[in-house]
Amino acid sequence: MQLATTRRGALITIEGIDGAGKSTQVEPLAAHLRARGHDVLTTREPGATPLGRELRRVLLESDVALEPRTELFLFLADRVEHVRRVIAPALAAGRIVLCDRFADSTIAYQGYGRAADVATIRRWDEESRDGITPDLTLLLDCPLAIATLRRRHASDRYQSLDDGFHERVRGGFLALASAEPTRIRRIDASAPMETVRAEIAAVVDRWLAEHAR
Ligand code: TYD
């Protein structure tokens with residue numbers, strides 16, 4: 001199926017707070033799309049390129065102190081590498097790229113979560129993406145109490161931050177979704193995993209049907 005997006009392929013991103021259950025939904029969605037004949041690439045941020053894997057270690061696993069701006073630029077460096085080496089070539093080849101976290105995470109975490117100036121973060125983020133924006137974003141949203149129960153290891157830099165931080169991140173994602181309701185679709189992630197999987201598949205199928213040509 002050819003898609004009527006600005007490029008030949010399509011970029012679908014999956015976003016949400018830590019513990020919303022995003023990562024477990026990527027492969028089932030990829031399998032669903034492949035069964036319908038789509039050529040799908042799954043990827044994630046941070047850490048999908050050789051440099052990205054190094055950056056991911058510093059960002060998530062190391063306890064070295066980072067200035068908020070340093071943290072931002074490390075996520076953006078990861079994105080520059082990811083967009084140029086992985087996402088843009090896949091889109092140019094007509095593939096559907098399913099990306100676990102992308103630019104909205106930077107606005108939600110480094111902007112809303114860190115209580116920084118969102119407009120500034122947005123400007124820097126835009127510089128990192130070579131004009132590539134998600135065609136469709138699935139926001140897996142659930143109350144913090146549910147997400148906290150689901151988090152398996154509260155060990156990395158973000159998962160160990162306090163509830164106030166995660167509430168601001170959630171509020172940030174919801175604000176982004178209300179500002180861009182066509183691109184960002186909120187999915188109720190407090191439902192059982194199978195229900196969430198089916199809703200995601202239905203939203204994506206509808207989107208693909210609307211954008212087929
Ligand atoms: P990861 O283990 O991939 O978390 P999850 O399984 O919840 O996606 O870790 C990614 C972490 O990095 C997550 O806590 C969110 C954070 N992050 C940012 O703060 N800014 C960003 O731009 C991105 C892409 C991720």
# chains A, B, ... in the order shown; residues from 1 in each chain; ligands from 1
>>> residues_around(residues="Arg95 of chain A", least_positions_apart="4", cutoff="12 Å", atoms="only C-alpha atoms", output="ChimeraX atom specification")
/A:1-3,5,7-12,30,33-34,37-42,86-91
>>> residues_around(residues="segment 103-120 of chain A", least_positions_apart="4", cutoff="10 Å", atoms="only C-alpha atoms", output="PyMOL selection string")
chain A and resi 13-17+45+68-69+71-72+75-76+79+124-126+128-129+132-134+137+139+158+161+164-177+184
>>> residues_around(residues="Arg183 of chain A", least_positions_apart="3", cutoff="7 Å", atoms="only C-alpha atoms", output="PDB file with C-alpha atoms, in the first residue's frame")
ATOM      1  CA  ASP A 135       2.749  11.283  10.955  1.00  0.00           C
ATOM      2  CA  LEU A 136       0.855   9.634  13.791  1.00  0.00           C
ATOM      3  CA  THR A 137       1.607   9.465  17.511  1.00  0.00           C
ATOM      4  CA  GLU A 180      -2.438  18.399  18.168  1.00  0.00           C
TER       5      GLU A 180
END
>>> residues_around(residues="Lys22 of chain A", least_positions_apart="3", cutoff="12 Å", atoms="only C-alpha atoms", output="ChimeraX atom specification")
/A:13-19,25-29,44,98-101,137-142,147,150-151,187-190,193,196-197,200
>>> select_by_dssp(residues="segment 3-213 of chain A", states="helix (DSSP H, G or I)", output="ChimeraX atom specification")
/A:23-35,50-61,68-92,103-113,118-128,144-150,163-179,193-211
>>> residues_around(residues="Arg157 of chain A", least_positions_apart="3", cutoff="9 Å", atoms="only C-alpha atoms", output="PyMOL selection string")
chain A and resi 59-63+154+160-161
>>> select_by_dssp(residues="chain A", states="strand (DSSP E or B)", output="PyMOL selection string")
chain A and resi 3+10-16+40-44+96-100+136-141+184-188+212
>>> closest_residue(among="A:Asp156, A:Glu67, A:Glu81, A:Asp130", to="Ala48 of chain A", atoms="only C-alpha atoms")
A:Glu81
